[in-house]
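**Student:** Dropping in data20.cif, with mmCIF, C-alpha atoms.
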data_work
#
loop_
_atom_site.label_atom_id
_atom_site.label_comp_id
_atom_site.auth_asym_id
_atom_site.auth_seq_id
_atom_site.Cartn_x
_atom_site.Cartn_y
_atom_site.Cartn_z
CA MET A 5 91.44 39.24 -1.77
CA ILE A 6 87.83 39.89 -2.67
CA THR A 7 84.70 38.28 -1.33
CA VAL A 8 81.53 38.46 -3.37
CA ARG A 9 78.19 37.81 -1.73
CA PHE A 10 74.93 38.12 -3.60
CA GLY A 11 72.95 39.48 -0.65
CA ASP A 12 71.06 42.07 -2.70
CA ALA A 13 70.17 39.94 -5.68
CA GLU A 14 66.70 40.32 -7.14
CA ALA A 15 64.60 38.26 -9.49
CA VAL A 16 61.46 39.21 -11.41
CA THR A 17 58.45 36.97 -11.03
CA GLY A 18 56.09 36.00 -13.83
CA ASP A 19 53.72 38.86 -12.91
CA GLY A 20 56.51 41.43 -12.91
CA GLN A 21 57.13 41.66 -9.20
CA LYS A 22 60.65 42.00 -7.93
CA VAL A 23 61.59 39.60 -5.18
CA LYS A 24 64.80 39.29 -3.22
CA LEU A 25 66.74 36.13 -3.74
CA PRO A 26 68.55 34.39 -0.91
CA ALA A 27 72.29 34.76 -1.45
CA LYS A 28 72.84 31.05 -1.81
CA VAL A 29 70.17 30.85 -4.53
CA ALA A 30 71.68 33.83 -6.33
CA LEU A 31 75.10 32.20 -6.27
CA ILE A 32 73.62 29.06 -7.79
CA GLN A 33 71.91 31.08 -10.50
CA ARG A 34 74.72 33.48 -11.37
CA GLY A 35 77.74 31.46 -10.47
CA PRO A 36 80.94 33.02 -9.16
CA VAL A 37 81.07 36.10 -11.38
CA ILE A 38 83.26 39.16 -10.98
CA PRO A 39 83.54 42.42 -12.92
CA VAL A 40 86.28 42.33 -15.54
CA VAL A 41 87.74 44.60 -18.17
CA ILE A 42 89.12 43.01 -21.33
CA ALA A 43 91.98 45.01 -22.81
CA PRO A 44 94.67 44.22 -25.37
CA ASP A 45 97.76 42.41 -24.13
CA GLN A 46 100.42 44.95 -23.12
CA ALA A 47 102.89 43.81 -25.80
CA PHE A 48 100.21 44.06 -28.49
CA ALA A 49 99.18 47.52 -27.32
CA ALA A 50 102.81 48.63 -27.39
CA ALA A 51 103.18 47.29 -30.93
CA LEU A 52 100.08 49.17 -32.03
CA GLN A 53 101.42 52.34 -30.47
CA SER A 54 104.78 51.92 -32.21
CA ALA A 55 102.98 51.44 -35.51
CA GLY A 56 100.95 54.59 -34.93
CA LYS A 57 97.72 52.65 -34.76
CA PRO A 58 94.94 53.28 -32.25
CA ILE A 59 94.77 51.07 -29.20
CA PRO A 60 91.38 49.35 -28.89
CA GLN A 61 89.05 50.52 -26.16
CA PRO A 62 88.66 48.06 -23.28
CA VAL A 63 85.37 46.22 -22.85
CA THR A 64 83.74 45.85 -19.43
CA GLY A 65 81.51 43.01 -18.30
CA LEU A 66 81.36 39.97 -16.09
CA ALA A 67 83.78 37.06 -15.91
CA LEU A 68 82.75 33.68 -14.59
CA VAL A 69 85.28 31.85 -12.47
CA ASP A 70 85.14 28.43 -14.10
CA THR A 71 87.18 25.72 -12.43
CA GLY A 72 86.02 23.37 -15.19
CA ALA A 73 87.79 25.38 -17.88
CA THR A 74 91.40 24.55 -18.53
CA THR A 75 92.03 27.83 -20.29
CA THR A 76 90.78 31.36 -19.93
CA CYS A 77 88.26 32.32 -22.60
CA VAL A 78 86.97 35.60 -23.97
CA ASP A 79 84.01 36.29 -26.19
CA ASP A 80 85.15 35.91 -29.78
CA THR A 81 82.90 38.65 -31.15
CA ILE A 82 84.22 41.14 -28.62
CA ALA A 83 87.81 40.19 -29.43
CA GLN A 84 87.16 40.72 -33.12
CA LYS A 85 85.38 44.02 -32.58
CA MET A 86 88.35 45.19 -30.52
CA GLY A 87 90.59 44.36 -33.45
CA LEU A 88 92.78 41.97 -31.48
CA ALA A 89 95.20 39.97 -33.60
CA PRO A 90 94.96 36.22 -32.91
CA SER A 91 97.93 34.50 -31.28
CA GLY A 92 97.19 31.08 -32.73
CA THR A 93 94.54 28.42 -32.48
CA ALA A 94 93.42 25.98 -29.82
CA LYS A 95 91.22 22.95 -29.72
CA LEU A 96 88.30 22.91 -27.32
CA SER A 97 86.88 19.55 -26.39
CA SER A 98 84.43 18.00 -23.98
CA ALA A 99 83.41 14.49 -23.08
CA SER A 100 80.30 14.68 -25.22
CA HIS A 101 81.41 16.82 -28.18
CA HIS A 102 84.08 16.63 -30.84
CA ALA A 103 86.96 19.05 -30.53
CA THR A 104 86.39 22.38 -32.20
CA GLN A 105 89.10 24.76 -33.22
CA CYS A 106 89.01 28.34 -32.03
CA LEU A 107 91.28 31.32 -32.34
CA THR A 108 93.29 32.49 -29.38
CA TYR A 109 93.85 36.13 -28.47
CA PRO A 110 96.45 37.94 -26.38
CA VAL A 111 94.44 39.81 -23.79
CA GLN A 112 94.85 41.52 -20.48
CA LEU A 113 92.11 40.90 -17.94
CA HIS A 114 91.78 43.71 -15.45
CA PHE A 115 89.84 43.08 -12.25
CA PRO A 116 88.72 46.44 -10.85
CA ALA A 117 87.79 44.94 -7.48
CA TRP A 118 91.48 44.13 -6.90
CA ASN A 119 92.96 46.71 -9.23
CA VAL A 120 94.96 43.83 -10.65
CA SER A 121 95.65 42.92 -14.26
CA LEU A 122 96.58 39.46 -15.50
CA GLN A 123 97.98 38.67 -18.93
CA ALA A 124 96.41 35.83 -20.88
CA PRO A 125 98.52 35.48 -24.04
CA ARG A 126 96.36 32.74 -25.52
CA ALA A 127 92.79 33.24 -24.30
CA MET A 128 90.40 31.14 -26.36
CA GLY A 129 87.81 32.98 -28.41
CA VAL A 130 84.38 31.47 -27.74
CA THR A 131 80.75 32.51 -27.91
CA ILE A 132 79.63 33.49 -24.42
CA ALA A 133 78.37 37.08 -24.44
CA SER A 134 74.81 35.88 -25.05
CA GLN A 135 74.96 34.27 -21.61
CA GLY A 136 75.76 37.53 -19.85
CA ILE A 137 79.48 36.82 -19.55
CA ILE A 138 82.40 38.20 -21.53
CA ALA A 139 85.15 35.99 -20.10
CA LEU A 140 85.76 32.72 -18.34
CA VAL A 141 88.58 32.68 -15.82
CA GLY A 142 90.12 29.27 -16.35
CA ARG A 143 92.62 27.17 -14.48
CA ASP A 144 95.54 28.74 -16.32
CA LEU A 145 94.89 31.95 -14.35
CA LEU A 146 93.46 30.24 -11.28
CA GLN A 147 96.79 28.48 -10.77
CA ASN A 148 97.88 31.76 -9.16
CA CYS A 149 94.79 32.15 -6.96
CA VAL A 150 93.02 30.80 -3.90
CA LEU A 151 89.31 30.27 -4.49
CA VAL A 152 86.89 29.57 -1.64
CA TYR A 153 83.35 28.72 -2.74
CA ASN A 154 81.05 29.09 0.24
CA GLY A 155 77.75 27.83 -1.07
CA ALA A 156 76.11 27.80 2.36
CA ASP A 157 76.75 31.53 2.71
CA GLY A 158 76.07 32.37 -0.92
CA SER A 159 79.53 33.84 -1.33
CA PHE A 160 82.90 33.15 -2.83
CA THR A 161 86.32 34.54 -2.12
CA LEU A 162 89.12 34.88 -4.62
CA ALA A 163 92.62 35.78 -3.54
CA LEU A 164 95.70 36.38 -5.63
CA MET B 30 98.40 34.34 -41.48
CA ASP B 31 97.01 31.96 -44.04
CA ASP B 32 94.15 33.19 -46.18
CA SER B 33 92.45 29.81 -46.56
CA LYS B 34 89.34 28.93 -44.57
CA GLN B 35 91.36 27.23 -41.88
CA PRO B 36 93.14 29.95 -39.89
CA PHE B 37 96.90 29.53 -39.67
CA ALA B 38 96.86 26.42 -41.90
CA THR B 39 100.29 27.24 -43.33
CA GLU B 40 101.75 27.96 -39.92
CA ALA B 41 100.29 24.78 -38.43
CA ALA B 42 101.77 22.69 -41.26
CA THR B 43 105.14 24.39 -40.80
CA PHE B 44 105.06 23.63 -37.08
CA GLU B 45 104.06 20.00 -37.59
CA ALA B 46 106.89 19.51 -40.08
CA GLN B 47 109.44 20.90 -37.60
CA LEU B 48 107.97 19.22 -34.53
CA PRO B 49 110.16 16.07 -34.51
CA ASN B 50 113.30 18.19 -34.47
CA LEU B 51 111.93 20.69 -31.99
CA LEU B 52 110.86 18.05 -29.48
CA GLY B 53 114.42 16.86 -28.97
CA GLN B 54 115.79 20.17 -27.78
CA HIS B 55 112.86 22.41 -26.94
CA GLY B 56 110.08 20.26 -25.51
CA GLY B 57 107.64 22.32 -23.44
CA LYS B 58 108.78 25.64 -24.86
CA PHE B 59 106.84 27.82 -27.29
CA ALA B 60 107.43 28.12 -31.02
CA LEU B 61 106.63 31.25 -32.98
CA VAL B 62 105.79 30.56 -36.62
CA ARG B 63 104.99 33.08 -39.32
CA GLY B 64 104.01 31.63 -42.68
CA THR B 65 106.56 28.95 -43.51
CA GLU B 66 109.20 30.37 -41.17
CA LEU B 67 109.96 29.11 -37.70
CA VAL B 68 110.86 32.47 -36.22
CA GLY B 69 112.12 31.19 -32.89
CA VAL B 70 111.61 29.20 -29.72
CA PHE B 71 110.82 30.90 -26.42
CA ASP B 72 110.43 29.97 -22.77
CA THR B 73 107.02 31.59 -22.42
CA GLU B 74 104.09 32.55 -24.62
CA GLY B 75 104.54 36.15 -23.55
CA ASN B 76 108.15 36.19 -24.73
CA ALA B 77 107.10 34.69 -28.06
CA LEU B 78 104.44 37.35 -28.51
CA ALA B 79 106.81 40.18 -27.63
CA ALA B 80 109.42 38.91 -30.10
CA GLY B 81 106.82 38.51 -32.80
CA TYR B 82 105.42 42.00 -32.39
CA GLN B 83 108.92 43.44 -32.35
CA LYS B 84 109.74 41.74 -35.65
CA PHE B 85 106.43 41.91 -37.50
CA GLY B 86 104.42 44.59 -35.76
CA PRO B 87 100.86 44.18 -34.44
CA VAL B 88 99.81 41.30 -36.69
CA PRO B 89 98.35 37.84 -36.11
CA LEU B 90 101.00 35.41 -34.87
CA TYR B 91 101.01 31.65 -34.50
CA ILE B 92 102.36 30.43 -31.19
CA ARG B 93 102.28 26.79 -30.25
CA GLN B 94 103.70 24.86 -27.34
CA ILE B 95 106.18 22.20 -28.36
CA LEU B 96 104.53 19.00 -27.22
CA PRO B 97 104.14 15.57 -28.85
CA GLU B 98 100.40 16.20 -29.25
CA GLU B 99 98.47 19.44 -29.26
CA GLN B 100 96.90 20.06 -25.87
CA LYS B 101 93.12 20.32 -25.98
CA GLY B 102 91.35 22.81 -23.80
CA SER B 103 88.14 21.88 -22.10
CA ALA B 104 85.30 23.96 -20.71
CA PRO B 105 82.37 21.59 -20.18
CA ALA B 106 79.86 24.18 -18.98
CA LEU B 107 80.61 26.33 -22.00
CA VAL B 108 80.39 23.50 -24.47
CA LEU B 109 77.15 22.27 -22.95
CA GLY B 110 75.69 25.78 -22.97
CA ILE B 111 74.93 25.83 -19.26
CA LEU B 112 76.81 28.97 -18.28
CA THR B 113 74.72 31.81 -16.97
CA ALA B 114 75.17 35.10 -15.20
CA ALA B 115 71.64 36.33 -15.86
#
What is this structure when it is put down as structure tokens?

**Tutor:**
Amino acid sequence: MITVRFGDAEAVTGDGQKVKLPAKVALIQRGPVIPVVIAPDQAFAAALQSAGKPIPQPVTGLALVDTGATTTCVDDTIAQKMGLAPSGTAKLSSASHHATQCLTYPVQLHFPAWNVSLQAPRAMGVTIASQGIIALVGRDLLQNCVLVYNGADGSFTLAL
Amino acid sequence: MDDSKQPFATEAATFEAQLPNLLGQHGGKFALVRGTELVGVFDTEGNALAAGYQKFGPVPLYIRQILPEEQKGSAPALVLGILTAA
């Protein structure tokens, strides 16, 4: 179980001054984010090794816990730079947009705070890195977790 | 993997053609398709991937759950562009 509280968050004002943000404000601004390492799916890495090919280096960043996302997503550009082979396609829809097709990738998400790795065989490749996030933890992974969002405290707790 | 603009177009067409037969016996399971070949049906996506890599090596694979209609994922905050960790 990990609890994240944004007690030390800072923001920069228009005149360049750093000010401390209340934890609850920081949680609103950042959302429930946790450090994550994107690595190739174990089976894919093993196949690369058997073929004598190099295993892509993992990529570190932030993952947003997104209870609105059905499926875990990773940044498509990162997946391509890592040389991950797609595992199919998926359609991504919303109430206000037409469905768009995206590639899916077999990835392993490692969470250093827990020292736990979860396999996501069909993570959707989407464009998110520009928003400071490299992955969305969707309900396909959250089905194994307990998530407590404590907005009043400016913290959230995620337990596997 | 198909070389046309639409990724996995050949594999998707192969799957759709086989879907009526697959639904009867394998509904909910995962099909692995490579080109015009239905390679196999597996209980999990992970098993399908492992079998595919064992047979073809570390190449793109097309895995699809056997359901009457393709499931659509949704991520409203992503689609609306209102994610932020800044």

**Student:** Using only C-alpha atoms, find each residue in chain B having at least one atom no more than 8 Å away from chain A; report its shortest atom-to-atom pair and that distance in Å (one decimal), rows by chain then rising number, as a Markdown table.

**Tutor:**
| residue | atom | partner | partner_atom | distance |
| --- | --- | --- | --- | --- |
| B:Pro36 | CA | A:Thr93 | CA | 7.7 |
| B:Phe37 | CA | A:Gly92 | CA | 7.1 |
| B:Glu74 | CA | A:Pro125 | CA | 6.3 |
| B:Gly75 | CA | A:Pro125 | CA | 6.1 |
| B:Leu78 | CA | A:Ala47 | CA | 7.2 |
| B:Ala79 | CA | A:Ala47 | CA | 5.6 |
| B:Tyr82 | CA | A:Ala51 | CA | 5.9 |
| B:Gln83 | CA | A:Ala51 | CA | 7.1 |
| B:Gly86 | CA | A:Ala51 | CA | 5.7 |
| B:Pro87 | CA | A:Ala51 | CA | 5.2 |
| B:Val88 | CA | A:Ala89 | CA | 5.7 |
| B:Pro89 | CA | A:Ala89 | CA | 4.6 |
| B:Leu90 | CA | A:Ser91 | CA | 4.8 |
| B:Tyr91 | CA | A:Gly92 | CA | 4.2 |
| B:Ile92 | CA | A:Gly92 | CA | 5.4 |
| B:Arg93 | CA | A:Gly92 | CA | 7.1 |
| B:Gln100 | CA | A:Lys95 | CA | 7.4 |
| B:Lys101 | CA | A:Lys95 | CA | 5.0 |
| B:Gly102 | CA | A:Leu96 | CA | 4.7 |
| B:Ser103 | CA | A:Ser97 | CA | 5.0 |
| B:Ala104 | CA | A:Ala73 | CA | 4.0 |
| B:Pro105 | CA | A:Ser98 | CA | 5.6 |
| B:Ala106 | CA | A:Gly72 | CA | 7.3 |
| B:Leu107 | CA | A:Ile132 | CA | 7.6 |
| B:Val108 | CA | A:Ser98 | CA | 6.8 |
| B:Leu112 | CA | A:Gln135 | CA | 6.5 |
| B:Thr113 | CA | A:Gln135 | CA | 5.3 |
| B:Ala114 | CA | A:Arg34 | CA | 4.2 |
| B:Ala115 | CA | A:Gly136 | CA | 5.9 |

**Student:** What's the 12 Å shell around Glu45 of chain B, counting all atoms listed in the file, without same-chain residues fewer than 2 positions away, as a list of chain:residue names?

**Tutor:**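 With the cut-off at 12 Å, the set is B:Ala38, B:Thr39, B:Glu40, B:Ala41, B:Ala42, B:Thr43, B:Gln47, B:Leu48, B:Pro49, B:Asn50, B:Leu51, B:Leu52, B:Ala60, B:Val62, B:Thr65, B:Leu67, B:Arg93, B:Gln94, B:Ile95, B:Leu96, B:Pro97, B:Glu98, B:Glu99.
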
**Student:** State, in Å with one decimal place, the distance from atom CA of Pro116 of chain A to atom CA of Val41 of chain A.

**Tutor:**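 Interatomic distance here is 7.6 Å.
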
**Student:** Can you tell me how far atom CA of Asp157 of chain A sits from atom CA of Val69 of chain A, in Å to one decimal?

**Tutor:** 17.4 Å

**Student:** In Å to one decimal, how far is atom CA of Val150 of chain A from atom CA of Gln112 of chain A?

**Tutor:**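 Those two atoms sit 19.8 Å apart.
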
**Student:** Since I can't run it myself right now, could you work out what the PyMOL selection byres ((chain A and resi 120) around 12) selects here and report it as a PyMOL selection string?

**Tutor:** chain A and resi 5-6+39-41+112-119+121-123+163-164

**Student:** Please evaluate the PyMOL selection byres ((chain B and resi 69) around 10) against the structure above and give the resulting residues as a PyMOL selection string.

**Tutor:** chain B and resi 59-63+66-68+70-71+77+80-81+92

**Student:** Please complete segment 48-64 of chain A with N, CA and C atoms and give it back as a CSV table (one decimal), in the coordinates of the input.

**Tutor:**
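Result saved to out-v7.csv:
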chain,number,residue,atom,x,y,z
A,48,PHE,N,101.0,43.7,-27.3
A,48,PHE,CA,100.2,44.1,-28.5
A,48,PHE,C,99.9,45.5,-28.5
A,49,ALA,N,99.5,46.1,-27.4
A,49,ALA,CA,99.2,47.5,-27.3
A,49,ALA,C,100.4,48.3,-27.6
A,50,ALA,N,101.6,47.9,-27.1
A,50,ALA,CA,102.8,48.6,-27.4
A,50,ALA,C,103.2,48.6,-28.9
A,51,ALA,N,102.9,47.4,-29.5
A,51,ALA,CA,103.2,47.3,-30.9
A,51,ALA,C,102.3,48.2,-31.7
A,52,LEU,N,101.0,48.3,-31.3
A,52,LEU,CA,100.1,49.2,-32.0
A,52,LEU,C,100.6,50.6,-31.9
A,53,GLN,N,101.0,51.0,-30.7
A,53,GLN,CA,101.4,52.3,-30.5
A,53,GLN,C,102.6,52.7,-31.3
A,54,SER,N,103.6,51.7,-31.4
A,54,SER,CA,104.8,51.9,-32.2
A,54,SER,C,104.4,52.1,-33.7
A,55,ALA,N,103.4,51.4,-34.1
A,55,ALA,CA,103.0,51.4,-35.5
A,55,ALA,C,102.1,52.6,-35.8
A,56,GLY,N,101.8,53.4,-34.8
A,56,GLY,CA,101.0,54.6,-34.9
A,56,GLY,C,99.5,54.3,-35.1
A,57,LYS,N,99.1,53.1,-34.6
A,57,LYS,CA,97.7,52.6,-34.8
A,57,LYS,C,97.0,52.8,-33.4
A,58,PRO,N,95.7,53.1,-33.5
A,58,PRO,CA,94.9,53.3,-32.2
A,58,PRO,C,94.9,52.0,-31.4
A,59,ILE,N,94.9,52.2,-30.1
A,59,ILE,CA,94.8,51.1,-29.2
A,59,ILE,C,93.3,50.8,-28.9
A,60,PRO,N,92.8,49.6,-29.1
A,60,PRO,CA,91.4,49.4,-28.9
A,60,PRO,C,90.9,49.7,-27.5
A,61,GLN,N,89.7,50.2,-27.4
A,61,GLN,CA,89.0,50.5,-26.2
A,61,GLN,C,88.8,49.2,-25.4
A,62,PRO,N,89.0,49.2,-24.1
A,62,PRO,CA,88.7,48.1,-23.3
A,62,PRO,C,87.2,47.8,-23.2
A,63,VAL,N,86.8,46.6,-22.9
A,63,VAL,CA,85.4,46.2,-22.8
A,63,VAL,C,85.1,45.7,-21.4
A,64,THR,N,84.1,46.2,-20.8
A,64,THR,CA,83.7,45.8,-19.4
A,64,THR,C,82.6,44.9,-19.4
